[in-house]
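To be precise, the following lines are my_file37.cif, and they hold mmCIF, C-alpha atoms.
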data_model
#
loop_
_atom_site.label_atom_id
_atom_site.label_comp_id
_atom_site.auth_asym_id
_atom_site.auth_seq_id
_atom_site.Cartn_x
_atom_site.Cartn_y
_atom_site.Cartn_z
CA MET S 112 -3.35 -14.44 -10.50
CA SER S 113 0.31 -15.40 -10.06
CA LEU S 114 2.91 -12.98 -8.75
CA ALA S 115 4.48 -12.78 -12.24
CA ASP S 116 1.12 -11.81 -13.79
CA TYR S 117 0.69 -9.26 -11.07
CA GLN S 118 4.13 -7.78 -11.76
CA ASP S 119 3.30 -7.52 -15.48
CA ARG S 120 0.02 -5.76 -14.84
CA ARG S 121 1.67 -3.53 -12.30
CA LEU S 122 4.38 -2.49 -14.74
CA ASP S 123 1.69 -1.87 -17.33
CA ALA S 124 -0.23 0.32 -14.92
CA VAL S 125 2.92 2.12 -13.81
CA ALA S 126 3.76 2.88 -17.43
CA HIS S 127 0.42 4.50 -18.05
CA GLY S 128 -1.10 5.61 -14.76
CA GLY S 129 -4.26 7.65 -14.67
CA GLN S 130 -6.46 4.63 -15.49
CA GLY S 131 -8.63 4.72 -12.39
CA ASP S 132 -12.29 5.60 -12.32
CA VAL S 133 -13.75 7.56 -9.39
CA GLY S 134 -15.21 4.29 -8.12
CA ASP S 135 -11.72 2.75 -7.96
CA TYR S 136 -10.57 5.54 -5.67
CA LEU S 137 -13.64 5.07 -3.50
CA ALA S 138 -12.83 1.34 -3.32
CA LEU S 139 -9.37 2.28 -1.97
CA LEU S 140 -11.16 3.72 1.07
CA LYS S 141 -12.55 0.27 2.03
CA PRO S 142 -16.15 1.49 2.32
CA ARG S 143 -17.38 -1.55 4.24
CA VAL S 144 -14.74 -1.19 6.95
CA MET S 145 -15.47 2.53 6.94
CA SER S 146 -19.16 1.95 7.68
CA LEU S 147 -18.25 0.11 10.89
CA VAL S 148 -15.80 2.87 11.81
CA ILE S 149 -18.44 5.56 11.25
CA PHE S 150 -20.99 3.68 13.32
CA THR S 151 -18.73 3.00 16.33
CA ALA S 152 -17.27 6.53 16.22
CA LEU S 153 -20.79 7.98 16.09
CA VAL S 154 -21.82 5.96 19.14
CA GLY S 155 -18.69 7.13 21.03
CA LEU S 156 -19.52 10.72 20.11
CA LEU S 157 -23.21 10.52 21.00
CA ILE S 158 -22.91 8.73 24.35
CA ALA S 159 -20.06 10.94 25.62
CA PRO S 160 -21.12 13.28 28.45
CA GLY S 161 -21.67 16.91 27.51
CA GLY S 162 -22.40 18.03 24.02
CA ILE S 163 -20.90 19.16 20.77
CA HIS S 164 -22.34 21.47 18.13
CA PRO S 165 -24.09 19.20 15.61
CA VAL S 166 -22.08 20.65 12.71
CA LEU S 167 -18.79 20.06 14.54
CA GLY S 168 -19.99 16.56 15.48
CA ALA S 169 -20.66 15.85 11.81
CA VAL S 170 -17.24 17.25 10.89
CA ALA S 171 -15.64 14.96 13.50
CA ILE S 172 -17.38 11.89 12.06
CA LEU S 173 -16.45 12.94 8.51
CA CYS S 174 -12.79 13.33 9.52
CA ILE S 175 -12.72 9.98 11.32
CA ALA S 176 -14.33 8.31 8.27
CA VAL S 177 -11.89 9.91 5.83
CA GLY S 178 -8.94 9.09 8.12
CA ALA S 179 -10.06 5.45 8.26
CA GLY S 180 -10.44 5.43 4.47
CA ALA S 181 -6.98 6.95 4.07
CA SER S 182 -5.42 4.21 6.19
CA GLY S 183 -7.29 1.68 4.01
CA ALA S 184 -5.69 3.22 0.90
CA LEU S 185 -2.24 3.10 2.52
CA ASN S 186 -2.87 -0.54 3.45
CA MET S 187 -3.78 -1.37 -0.16
CA TRP S 188 -0.72 0.48 -1.41
CA TYR S 189 1.60 -1.60 0.77
CA ASP S 190 -0.25 -4.91 0.50
CA ALA S 191 -0.85 -4.91 -3.29
CA ASP S 192 1.51 -7.89 -3.75
CA ILE S 193 -0.35 -10.16 -1.32
CA ASP S 194 -3.78 -8.81 -2.30
CA ALA S 195 -3.06 -10.04 -5.84
CA VAL S 196 -2.78 -13.68 -4.74
CA MET S 197 -5.79 -13.83 -2.39
CA SER S 198 -9.22 -14.48 -3.95
CA ARG S 199 -10.92 -12.12 -1.48
CA THR S 200 -8.71 -9.17 -2.45
CA ALA S 201 -7.48 -9.86 -6.02
CA ARG S 202 -9.99 -7.43 -7.54
CA ARG S 203 -8.90 -4.47 -5.43
CA PRO S 204 -7.93 -1.45 -7.58
CA ILE S 205 -4.13 -1.89 -7.43
CA PRO S 206 -3.85 -5.64 -8.19
CA ALA S 207 -6.54 -5.13 -10.86
CA GLY S 208 -4.20 -2.58 -12.51
CA LYS S 209 -6.67 0.30 -12.31
CA VAL S 210 -4.78 2.47 -9.84
CA THR S 211 -0.98 2.56 -9.61
CA PRO S 212 0.68 2.06 -6.20
CA ASP S 213 2.02 5.64 -6.34
CA GLU S 214 -1.46 7.03 -6.98
CA ALA S 215 -2.84 5.07 -4.02
CA LEU S 216 0.02 6.25 -1.78
CA ALA S 217 -0.50 9.92 -2.72
CA PHE S 218 -4.26 9.56 -2.25
CA GLY S 219 -3.84 7.94 1.19
CA LEU S 220 -1.28 10.47 2.43
CA THR S 221 -3.30 13.47 1.23
CA LEU S 222 -6.50 12.28 2.87
CA SER S 223 -4.62 11.38 6.08
CA ALA S 224 -3.15 14.87 6.36
CA PHE S 225 -6.43 16.63 5.59
CA SER S 226 -8.53 14.52 7.95
CA VAL S 227 -6.15 15.04 10.89
CA LEU S 228 -5.68 18.78 10.29
CA VAL S 229 -9.39 19.51 9.84
CA LEU S 230 -10.29 17.48 12.95
CA GLY S 231 -7.67 19.38 14.95
CA LEU S 232 -8.66 22.83 13.71
CA ALA S 233 -12.42 22.30 13.86
CA VAL S 234 -12.83 20.07 16.94
CA ASN S 235 -9.82 19.47 19.17
CA TRP S 236 -6.22 18.33 18.94
CA LEU S 237 -6.57 15.32 21.26
CA ALA S 238 -9.11 13.77 18.88
CA ALA S 239 -6.86 14.73 15.93
CA GLY S 240 -3.82 13.20 17.66
CA LEU S 241 -5.73 9.96 18.31
CA LEU S 242 -6.81 9.87 14.65
CA ALA S 243 -3.23 10.43 13.47
CA PHE S 244 -2.04 7.67 15.80
CA THR S 245 -4.77 5.32 14.50
CA ILE S 246 -3.73 5.89 10.87
CA PHE S 247 -0.06 5.40 11.80
CA PHE S 248 -0.90 2.27 13.80
CA TYR S 249 -2.91 0.68 10.98
CA ALA S 250 -0.64 1.66 8.09
CA VAL S 251 2.77 1.25 9.72
CA VAL S 252 2.53 -0.93 12.86
CA TYR S 253 -0.08 -3.36 11.49
CA THR S 254 0.31 -3.34 7.69
CA MET S 255 4.06 -2.83 7.31
CA TRP S 256 5.31 -4.57 10.42
CA LEU S 257 3.05 -7.04 12.23
CA LYS S 258 0.87 -8.46 9.46
CA ARG S 259 3.69 -10.31 7.73
CA SER S 260 5.81 -11.09 10.77
CA THR S 261 3.66 -12.52 13.57
CA PRO S 262 0.52 -14.67 13.92
CA GLN S 263 -0.55 -12.24 16.65
CA ASN S 264 -0.90 -9.60 13.90
CA ILE S 265 -4.66 -9.43 14.31
CA VAL S 266 -4.53 -9.01 18.10
CA ILE S 267 -2.29 -5.94 18.16
CA GLY S 268 -3.39 -4.61 14.78
CA GLY S 269 -6.99 -4.82 16.00
CA ALA S 270 -6.24 -1.80 18.18
CA ALA S 271 -6.44 0.38 15.05
CA GLY S 272 -10.06 -0.63 14.52
CA ALA S 273 -10.81 -0.10 18.20
CA PHE S 274 -9.82 3.59 18.33
CA PRO S 275 -12.78 5.21 16.46
CA PRO S 276 -15.26 5.28 19.38
CA MET S 277 -12.46 6.64 21.58
CA ILE S 278 -11.84 9.41 19.01
CA GLY S 279 -15.58 10.17 18.89
CA TRP S 280 -15.63 10.38 22.69
CA ALA S 281 -12.52 12.62 22.71
CA ALA S 282 -14.12 14.90 20.10
CA VAL S 283 -16.83 15.76 22.63
CA THR S 284 -15.00 15.63 25.96
CA GLY S 285 -11.41 16.45 24.98
CA THR S 286 -10.30 13.58 27.23
CA VAL S 287 -9.57 9.86 27.30
CA THR S 288 -11.46 8.25 30.16
CA VAL S 289 -12.19 4.79 31.56
CA GLU S 290 -15.48 4.78 29.64
CA SER S 291 -13.82 5.38 26.28
CA ILE S 292 -11.17 2.79 27.11
CA VAL S 293 -13.98 0.25 27.70
CA LEU S 294 -15.42 1.07 24.24
CA PHE S 295 -11.91 0.51 22.87
CA LEU S 296 -11.57 -2.81 24.71
CA ILE S 297 -14.88 -4.16 23.39
CA ILE S 298 -13.66 -3.86 19.78
CA PHE S 299 -10.11 -4.86 20.71
CA MET S 300 -11.26 -8.17 22.24
CA TRP S 301 -13.83 -8.72 19.48
CA THR S 302 -11.34 -8.46 16.61
CA PRO S 303 -9.30 -11.69 17.11
CA PRO S 304 -12.25 -14.14 17.21
CA HIS S 305 -13.87 -12.22 14.31
CA PHE S 306 -10.83 -12.44 12.03
CA TRP S 307 -9.68 -15.87 13.13
CA ALA S 308 -13.15 -17.23 12.31
CA LEU S 309 -12.69 -15.70 8.83
CA SER S 310 -9.19 -17.11 8.51
CA LEU S 311 -10.43 -20.61 9.40
CA PHE S 312 -12.57 -20.72 6.27
CA LYS S 313 -10.24 -18.58 4.13
CA ARG S 314 -7.09 -20.35 5.24
CA GLY S 315 -5.97 -21.25 1.70
CA ASP S 316 -5.87 -17.57 0.78
CA TYR S 317 -3.53 -16.62 3.60
CA GLU S 318 -1.32 -19.64 2.90
CA ALA S 319 -1.01 -18.64 -0.77
CA ALA S 320 -0.06 -15.09 0.25
CA ARG S 321 2.31 -16.35 2.98
CA VAL S 322 0.63 -14.17 5.58
CA PRO S 323 1.31 -15.78 8.97
CA MET S 324 -2.31 -15.97 10.12
CA LEU S 325 -2.78 -18.13 13.20
CA PRO S 326 -4.36 -21.18 11.45
CA VAL S 327 -1.47 -21.24 8.95
CA VAL S 328 1.29 -20.97 11.56
CA ALA S 329 -0.07 -22.57 14.73
CA GLY S 330 -2.73 -24.83 13.20
CA GLU S 331 -6.50 -24.82 13.29
CA ASP S 332 -6.80 -26.42 16.74
CA ALA S 333 -4.68 -23.71 18.37
CA THR S 334 -6.77 -21.09 16.55
CA ARG S 335 -9.99 -22.62 17.88
CA THR S 336 -8.62 -22.51 21.43
CA GLN S 337 -7.59 -18.86 21.06
CA ILE S 338 -10.97 -17.93 19.56
CA LEU S 339 -12.65 -19.44 22.62
CA VAL S 340 -10.28 -17.67 25.04
CA TYR S 341 -10.86 -14.24 23.46
CA SER S 342 -14.62 -14.84 23.31
CA VAL S 343 -14.68 -15.66 27.02
CA LEU S 344 -12.71 -12.46 27.71
CA LEU S 345 -14.98 -10.39 25.44
CA ALA S 346 -18.27 -11.38 27.10
CA PRO S 347 -17.63 -9.66 30.49
CA ILE S 348 -16.08 -6.58 28.82
CA GLY S 349 -19.33 -6.18 26.86
CA VAL S 350 -21.14 -5.91 30.22
CA ALA S 351 -18.55 -3.51 31.71
CA PRO S 352 -20.46 -0.30 30.75
CA THR S 353 -23.20 -1.33 33.20
CA LEU S 354 -20.72 -2.42 35.88
CA LEU S 355 -18.92 0.93 35.57
CA GLY S 356 -22.19 2.85 35.73
CA PHE S 357 -22.40 4.45 32.30
CA ALA S 358 -25.07 2.12 30.93
CA SER S 359 -28.29 0.79 32.46
CA LEU S 360 -29.11 -2.65 33.81
CA VAL S 361 -31.22 -3.27 30.69
CA TYR S 362 -28.13 -2.81 28.53
CA GLY S 363 -26.13 -5.02 30.90
CA VAL S 364 -28.63 -7.91 30.65
CA ALA S 365 -28.80 -7.61 26.83
CA ALA S 366 -24.99 -7.45 26.54
CA ALA S 367 -24.68 -10.49 28.83
CA VAL S 368 -27.08 -12.49 26.63
CA LEU S 369 -25.15 -11.45 23.50
CA GLY S 370 -21.86 -12.34 25.21
CA VAL S 371 -23.15 -15.81 26.15
CA ALA S 372 -24.32 -16.31 22.55
CA PHE S 373 -20.87 -15.26 21.29
CA VAL S 374 -19.17 -17.81 23.59
CA TRP S 375 -21.67 -20.45 22.45
CA TYR S 376 -20.82 -19.85 18.77
CA ALA S 377 -17.12 -19.91 19.67
CA TRP S 378 -17.66 -23.17 21.55
CA ARG S 379 -19.23 -24.71 18.43
CA VAL S 380 -16.16 -23.69 16.45
CA TYR S 381 -14.02 -25.26 19.19
CA ALA S 382 -16.02 -28.52 19.29
CA ARG S 383 -16.53 -29.09 15.54
CA ARG S 384 -13.18 -29.65 13.93
CA GLU S 385 -13.84 -31.78 10.87
CA GLY S 386 -15.38 -31.26 7.47
CA ASP S 387 -18.37 -29.17 6.53
CA ALA S 388 -19.65 -28.81 10.11
CA ALA S 389 -16.36 -27.15 11.10
CA ARG S 390 -16.54 -24.72 8.20
CA LYS S 391 -20.18 -23.88 8.90
CA ALA S 392 -19.41 -23.24 12.57
CA ALA S 393 -16.65 -20.78 11.59
CA VAL S 394 -18.88 -19.01 9.07
CA ARG S 395 -21.64 -18.69 11.67
CA LEU S 396 -19.29 -17.28 14.31
CA PHE S 397 -17.98 -14.76 11.75
CA ALA S 398 -21.53 -13.68 10.83
CA PHE S 399 -22.64 -13.52 14.48
CA SER S 400 -19.58 -11.50 15.45
CA LEU S 401 -20.73 -8.72 13.09
CA VAL S 402 -24.23 -8.83 14.60
CA TYR S 403 -22.77 -8.79 18.11
CA LEU S 404 -20.66 -5.67 17.58
CA PHE S 405 -23.49 -3.84 15.84
CA LEU S 406 -26.00 -4.69 18.58
CA VAL S 407 -23.69 -3.86 21.50
CA PHE S 408 -22.98 -0.39 20.12
CA ALA S 409 -26.60 0.17 19.01
CA LEU S 410 -27.79 -0.80 22.51
CA LEU S 411 -25.26 1.55 24.12
CA LEU S 412 -26.59 4.35 21.93
CA ALA S 413 -30.25 3.55 22.63
CA ASP S 414 -29.47 3.30 26.35
CA SER S 415 -27.81 6.71 26.34
CA VAL S 416 -30.69 8.31 24.40
CA VAL S 417 -33.25 6.90 26.87
CA ALA S 418 -31.15 8.06 29.86
CA ARG S 419 -31.00 11.60 28.44
CA LEU S 420 -34.72 11.65 27.73
CA ILE S 421 -35.42 10.58 31.31
CA ALA S 422 -32.96 13.16 32.70
CA GLY S 423 -34.58 15.84 30.55
CA GLY S 424 -38.04 14.96 31.84
CA TRP S 425 -39.24 13.67 28.48
CA LEU S 426 -39.94 10.16 29.75
CA MET J 799 2.95 17.54 -29.69
CA SER J 800 5.33 14.73 -30.67
CA ASP J 801 4.01 11.30 -31.60
CA ASP J 802 5.86 9.39 -28.85
CA GLY J 803 3.91 11.08 -26.05
CA ILE J 804 1.14 9.32 -24.16
CA ARG J 805 -2.02 9.20 -26.21
CA GLN J 806 -5.21 8.69 -24.23
CA THR J 807 -8.05 6.60 -25.52
CA GLU J 808 -11.58 7.98 -25.38
CA GLU J 809 -12.25 5.76 -22.35
CA GLN J 810 -9.20 7.19 -20.56
CA LYS J 811 -10.26 10.74 -21.37
CA LYS J 812 -13.72 10.01 -19.97
CA ARG J 813 -12.24 8.66 -16.74
CA GLN J 814 -9.92 11.62 -16.44
CA ARG J 815 -12.85 13.98 -16.83
CA LYS J 816 -14.76 12.11 -14.13
CA ARG J 817 -11.77 12.31 -11.81
CA SER J 818 -11.42 16.02 -12.48
CA VAL J 819 -15.09 16.57 -11.68
CA ALA J 820 -14.70 14.56 -8.46
CA ILE J 821 -11.65 16.61 -7.41
CA GLY J 822 -13.53 19.82 -8.24
CA LEU J 823 -16.50 18.73 -6.12
CA ALA J 824 -14.18 17.74 -3.26
CA ILE J 825 -12.52 21.18 -3.31
CA ALA J 826 -15.90 22.93 -3.46
CA GLY J 827 -17.01 20.74 -0.54
CA LEU J 828 -13.93 21.75 1.46
CA VAL J 829 -14.62 25.45 0.82
CA LEU J 830 -18.18 25.00 2.06
CA LEU J 831 -16.95 22.94 5.03
CA PHE J 832 -14.42 25.59 6.13
CA TYR J 833 -17.03 28.32 5.68
CA VAL J 834 -19.54 26.50 7.88
CA ILE J 835 -16.91 25.58 10.50
CA THR J 836 -15.85 29.23 10.68
CA LEU J 837 -19.43 30.38 11.21
CA VAL J 838 -20.05 27.73 13.87
CA LYS J 839 -16.82 28.40 15.77
CA MET J 840 -16.99 32.19 15.65
CA GLY J 841 -20.78 32.55 15.70
CA PRO J 842 -22.07 36.09 15.30
CA GLY J 843 -18.58 37.32 16.23
CA VAL J 844 -17.49 36.54 12.68
CA LEU J 845 -18.71 40.02 11.68
CA ASN J 846 -17.65 41.72 14.89
CA ARG J 847 -14.04 42.72 14.22
CA PRO J 848 -12.12 45.90 13.48
CA LEU J 849 -11.77 46.53 9.77
#

Could you render the structure from this file as structure tokens?
Amino acid sequence: MSLADYQDRRLDAVAHGGQGDVGDYLALLKPRVMSLVIFTALVGLLIAPGGIHPVLGAVAILCIAVGAGASGALNMWYDADIDAVMSRTARRPIPAGKVTPDEALAFGLTLSAFSVLVLGLAVNWLAAGLLAFTIFFYAVVYTMWLKRSTPQNIVIGGAAGAFPPMIGWAAVTGTVTVESIVLFLIIFMWTPPHFWALSLFKRGDYEAARVPMLPVVAGEDATRTQILVYSVLLAPIGVAPTLLGFASLVYGVAAAVLGVAFVWYAWRVYARREGDAARKAAVRLFAFSLVYLFLVFALLLADSVVARLIAGGWL
Amino acid sequence: MSDDGIRQTEEQKKRQRKRSVAIGLAIAGLVLLFYVITLVKMGPGVLNRPL
């Protein structure tokens, strides 16, 4: 869809409003991103020392999920113009003319306020403050400022996606500690190679939308180098929970193997620069990056459960 | 009602009803949530107060 078509549809939607189905509003919450947020926040909450009442733990996860969804809606409100010209995002509710930008903005702001207030009142205000900062960081610092102005947008913006396990941890402990910072760093270092792999095989989209993604601005070779650098940095951070003593040696060995595999996939992207092989390498790194993050956090959770069972005399 | 107002099609009315139901359920969910949070945070003390 061209920008002119988009403007026409947008005006049409603005004139009428109230066209959206419930499903369109749910789509504004970016459910797939939300699932990753829920999972990492849950791991942060469950491996944190001490305990939280299960109901309050569930409330914390609900608030983090809704807060993440709210920032997704704010992102779609602001980015509707570029979403309309990218194939991956053209069918989102606003460019599709089903929800007006104003409706999305009101929806995002309302959910943001409710999620932060409920988390603060029910759990603690440090976790609520971190959630508020995350929403602000994603909606304002990333979406409004960095995304369209610097090819390092993904690096700094990735921090927003890295906060959920830290919020989960803070919900239980009421503190920010080295352990929760390590959980943050794992996602923070994982984000650039994950998104740059995507942008290598979706480059045309970002070019059409004039978003300064690294392959568009610095070229594909520079992107491949940076993917490799971040992958090499990510691998040891994945092992850090064992080195810092809050995960077992079994976790450490598994995380090391996963880290080596990640670097290997990144190396293939680095080495294969032409044609179909290059595209396949990028697709494979993107797919493996999702598996990597899921397994690292699942292993951390399993490790913590086993450690508690042993400490409780169950094993 | 004058003729130049917004006239909804049947499809639009159906969507509006669905949205209204969803908002109603969300509000009912919030009431339940606050009730449960209150019980959990105050425990048995919820009944133990001067009237």

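Of the listed residues (S:Arg379, S:Leu410, S:Asn235, S:Leu156), S:Leu156 comes nearest to Met277 (chain S); the distances count all atoms listed in the file.
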
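For chain S, the residues within 7 Å of chain J are Gln130, Gly131, Asp132, Val133 and Ala233 of chain S, with only C-alpha atoms used to measure distance.
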
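CA of Val364 (chain S) to CA of Gly161 (chain S) spans 26.0 Å [interatomic distance, one decimal].
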
Subject >> CA of Arg314 (chain S) to CA of Val402 (chain S), straight-line distance in Å >> reply: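 That distance, rounded to one decimal, is 22.7 Å.
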
Original post:
When you draw a straight line from CA of Phe150 (chain S) to CA of Ala191 (chain S), how long is it in Å?
Top reply: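 Result for CA of Phe150 (chain S) versus CA of Ala191 (chain S): 27.5 Å, one decimal.
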
**OP:** Take the PyMOL selection byres ((chain S and resi 320) around 9), apply it to the structure above, and return the hits as a ChimeraX atom specification.
**Re:** /S:192-197,315-319,321-323

Subject >> the PyMOL selection byres ((chain S and resi 404) around 12) applied to the shown file, residues as a count of residues only >> reply: 38

**OP:** Would you kindly return, as a ChimeraX atom specification, each protein, DNA or RNA residue with an atom no farther than 10 Å from any atom of Leu216 (chain S), considering only C-alpha atoms and excluding same-chain residues fewer than 4 positions away?
**Re:** /S:181-182,184-189,211-212,220-221

Please determine an axis-aligned box that encloses all atoms of region 821-834 of chain J listed in the file, with 3 Å added on each side, and express its centre and edge lengths in Å to one decimal as AutoDock Vina command-line options.
--center_x -15.6 --center_y 22.5 --center_z -0.2 --size_x 13.9 --size_y 17.7 --size_z 22.1

Original post:
Leaving out Val210 (chain S) and any residue of its chain fewer than 2 positions from it, which residues lie within 9 Å of it when counting all atoms listed in the file, given as a list in words?
Top reply: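 That gives Ala124, Val125, Gly128, Gly129, Gln130, Gly131, Asp132, Asp135, Tyr136, Pro204, Ile205, Pro206, Ala207, Gly208, Pro212, Asp213, Glu214 and Ala215 of chain S.
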
Which residues are close to Gly180 (chain S), i.e. within 10 Å by all atoms listed in the file, leaving aside same-chain residues fewer than 3 positions away? Reply as a compact mmCIF listing (two decimals) with C-alpha atoms, in the coordinates of the input.
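New file result.txt:
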# COMPACT_ATOMS: atom_id res chain seq x y z
CA LEU S 137 -13.64 5.07 -3.50
CA ALA S 138 -12.83 1.34 -3.32
CA LEU S 139 -9.37 2.28 -1.97
CA LEU S 140 -11.16 3.72 1.07
CA LYS S 141 -12.55 0.27 2.03
CA PRO S 142 -16.15 1.49 2.32
CA ARG S 143 -17.38 -1.55 4.24
CA VAL S 144 -14.74 -1.19 6.95
CA MET S 145 -15.47 2.53 6.94
CA SER S 146 -19.16 1.95 7.68
CA VAL S 148 -15.80 2.87 11.81
CA CYS S 174 -12.79 13.33 9.52
CA ILE S 175 -12.72 9.98 11.32
CA ALA S 176 -14.33 8.31 8.27
CA VAL S 177 -11.89 9.91 5.83
CA GLY S 183 -7.29 1.68 4.01
CA ALA S 184 -5.69 3.22 0.90
CA LEU S 185 -2.24 3.10 2.52
CA ASN S 186 -2.87 -0.54 3.45
CA GLY S 219 -3.84 7.94 1.19
CA LEU S 222 -6.50 12.28 2.87
CA SER S 223 -4.62 11.38 6.08
CA SER S 226 -8.53 14.52 7.95
CA ILE S 246 -3.73 5.89 10.87

The PyMOL selection byres ((chain S and resi 278-288) around 6) applied to the shown file, residues as a PDB file with C-alpha atoms, in the frame of the given file:
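The result, stored in out_26.pdb:
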ATOM      1  CA  ALA S 152     -17.270   6.530  16.220  1.00  0.00           C
ATOM      2  CA  GLY S 155     -18.690   7.130  21.030  1.00  0.00           C
ATOM      3  CA  LEU S 156     -19.520  10.720  20.110  1.00  0.00           C
ATOM      4  CA  ALA S 159     -20.060  10.940  25.620  1.00  0.00           C
ATOM      5  CA  ILE S 163     -20.900  19.160  20.770  1.00  0.00           C
ATOM      6  CA  ALA S 238      -9.110  13.770  18.880  1.00  0.00           C
ATOM      7  CA  PRO S 275     -12.780   5.210  16.460  1.00  0.00           C
ATOM      8  CA  PRO S 276     -15.260   5.280  19.380  1.00  0.00           C
ATOM      9  CA  MET S 277     -12.460   6.640  21.580  1.00  0.00           C
ATOM     10  CA  VAL S 289     -12.190   4.790  31.560  1.00  0.00           C
ATOM     11  CA  GLU S 290     -15.480   4.780  29.640  1.00  0.00           C
ATOM     12  CA  SER S 291     -13.820   5.380  26.280  1.00  0.00           C
TER      13      SER S 291
END

Subject >> For Val374 (chain S): contacts at 8 Å, only C-alpha atoms, fewer than 2 positions along chain excluded, given as a VMD selection string >> reply: chain S and resid 339 342 to 343 346 370 to 372 376 to 378

Next, the residues of the selection above should be written as an mmCIF file, in the frame of the given file with C-alpha atoms.
data_model
loop_
_atom_site.group_PDB
_atom_site.id
_atom_site.type_symbol
_atom_site.label_atom_id
_atom_site.label_comp_id
_atom_site.auth_asym_id
_atom_site.auth_seq_id
_atom_site.Cartn_x
_atom_site.Cartn_y
_atom_site.Cartn_z
ATOM 1 C CA LEU S 339 -12.650 -19.440 22.620
ATOM 2 C CA SER S 342 -14.620 -14.840 23.310
ATOM 3 C CA VAL S 343 -14.680 -15.660 27.020
ATOM 4 C CA ALA S 346 -18.270 -11.380 27.100
ATOM 5 C CA GLY S 370 -21.860 -12.340 25.210
ATOM 6 C CA VAL S 371 -23.150 -15.810 26.150
ATOM 7 C CA ALA S 372 -24.320 -16.310 22.550
ATOM 8 C CA TYR S 376 -20.820 -19.850 18.770
ATOM 9 C CA ALA S 377 -17.120 -19.910 19.670
ATOM 10 C CA TRP S 378 -17.660 -23.170 21.550
#

Original post:
Contacts of Phe248 (chain S) at 10 Å or less, counting all atoms listed in the file, minus same-chain residues fewer than 3 places along, as a list in words?
Top reply: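 Residues meeting the cut-off are Ser182, Leu242, Ala243, Phe244, Thr245, Val251, Val252, Tyr253, Thr254, Met255, Trp256, Ile267, Gly268, Gly269, Ala270, Ala271 and Gly272 of chain S.
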
Residues from last step as file, C-alpha atoms, as a PDB file, in the coordinates of the input:
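Generated file (part_8.pdb):
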ATOM      1  CA  SER S 182      -5.420   4.210   6.190  1.00  0.00           C
ATOM      2  CA  LEU S 242      -6.810   9.870  14.650  1.00  0.00           C
ATOM      3  CA  ALA S 243      -3.230  10.430  13.470  1.00  0.00           C
ATOM      4  CA  PHE S 244      -2.040   7.670  15.800  1.00  0.00           C
ATOM      5  CA  THR S 245      -4.770   5.320  14.500  1.00  0.00           C
ATOM      6  CA  VAL S 251       2.770   1.250   9.720  1.00  0.00           C
ATOM      7  CA  VAL S 252       2.530  -0.930  12.860  1.00  0.00           C
ATOM      8  CA  TYR S 253      -0.080  -3.360  11.490  1.00  0.00           C
ATOM      9  CA  THR S 254       0.310  -3.340   7.690  1.00  0.00           C
ATOM     10  CA  MET S 255       4.060  -2.830   7.310  1.00  0.00           C
ATOM     11  CA  TRP S 256       5.310  -4.570  10.420  1.00  0.00           C
ATOM     12  CA  ILE S 267      -2.290  -5.940  18.160  1.00  0.00           C
ATOM     13  CA  GLY S 268      -3.390  -4.610  14.780  1.00  0.00           C
ATOM     14  CA  GLY S 269      -6.990  -4.820  16.000  1.00  0.00           C
ATOM     15  CA  ALA S 270      -6.240  -1.800  18.180  1.00  0.00           C
ATOM     16  CA  ALA S 271      -6.440   0.380  15.050  1.00  0.00           C
ATOM     17  CA  GLY S 272     -10.060  -0.630  14.520  1.00  0.00           C
TER      18      GLY S 272
END

As a PDB file, in the coordinates of the input, please: region 808-814 of chain J completed to N, CA, C and O atoms.
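Output file part30.pdb follows:
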ATOM      1  N   GLU J 808     -10.360   7.259 -25.775  1.00  0.00           N
ATOM      2  CA  GLU J 808     -11.580   7.980 -25.380  1.00  0.00           C
ATOM      3  C   GLU J 808     -12.005   7.592 -23.967  1.00  0.00           C
ATOM      4  O   GLU J 808     -12.440   8.430 -23.179  1.00  0.00           O
ATOM      5  N   GLU J 809     -11.875   6.268 -23.679  1.00  0.00           N
ATOM      6  CA  GLU J 809     -12.250   5.760 -22.350  1.00  0.00           C
ATOM      7  C   GLU J 809     -11.400   6.435 -21.262  1.00  0.00           C
ATOM      8  O   GLU J 809     -11.906   6.846 -20.211  1.00  0.00           O
ATOM      9  N   GLN J 810     -10.092   6.557 -21.548  1.00  0.00           N
ATOM     10  CA  GLN J 810      -9.200   7.190 -20.560  1.00  0.00           C
ATOM     11  C   GLN J 810      -9.544   8.664 -20.375  1.00  0.00           C
ATOM     12  O   GLN J 810      -9.509   9.177 -19.264  1.00  0.00           O
ATOM     13  N   LYS J 811      -9.891   9.314 -21.488  1.00  0.00           N
ATOM     14  CA  LYS J 811     -10.260  10.740 -21.370  1.00  0.00           C
ATOM     15  C   LYS J 811     -11.516  10.890 -20.526  1.00  0.00           C
ATOM     16  O   LYS J 811     -11.638  11.809 -19.714  1.00  0.00           O
ATOM     17  N   LYS J 812     -12.459   9.949 -20.732  1.00  0.00           N
ATOM     18  CA  LYS J 812     -13.720  10.010 -19.970  1.00  0.00           C
ATOM     19  C   LYS J 812     -13.449   9.846 -18.474  1.00  0.00           C
ATOM     20  O   LYS J 812     -13.984  10.585 -17.651  1.00  0.00           O
ATOM     21  N   ARG J 813     -12.568   8.889 -18.163  1.00  0.00           N
ATOM     22  CA  ARG J 813     -12.240   8.660 -16.740  1.00  0.00           C
ATOM     23  C   ARG J 813     -11.535   9.869 -16.148  1.00  0.00           C
ATOM     24  O   ARG J 813     -11.775  10.239 -15.015  1.00  0.00           O
ATOM     25  N   GLN J 814     -10.640  10.457 -16.949  1.00  0.00           N
ATOM     26  CA  GLN J 814      -9.920  11.620 -16.440  1.00  0.00           C
ATOM     27  C   GLN J 814     -10.892  12.764 -16.153  1.00  0.00           C
ATOM     28  O   GLN J 814     -10.759  13.447 -15.133  1.00  0.00           O
TER      29      GLN J 814
END
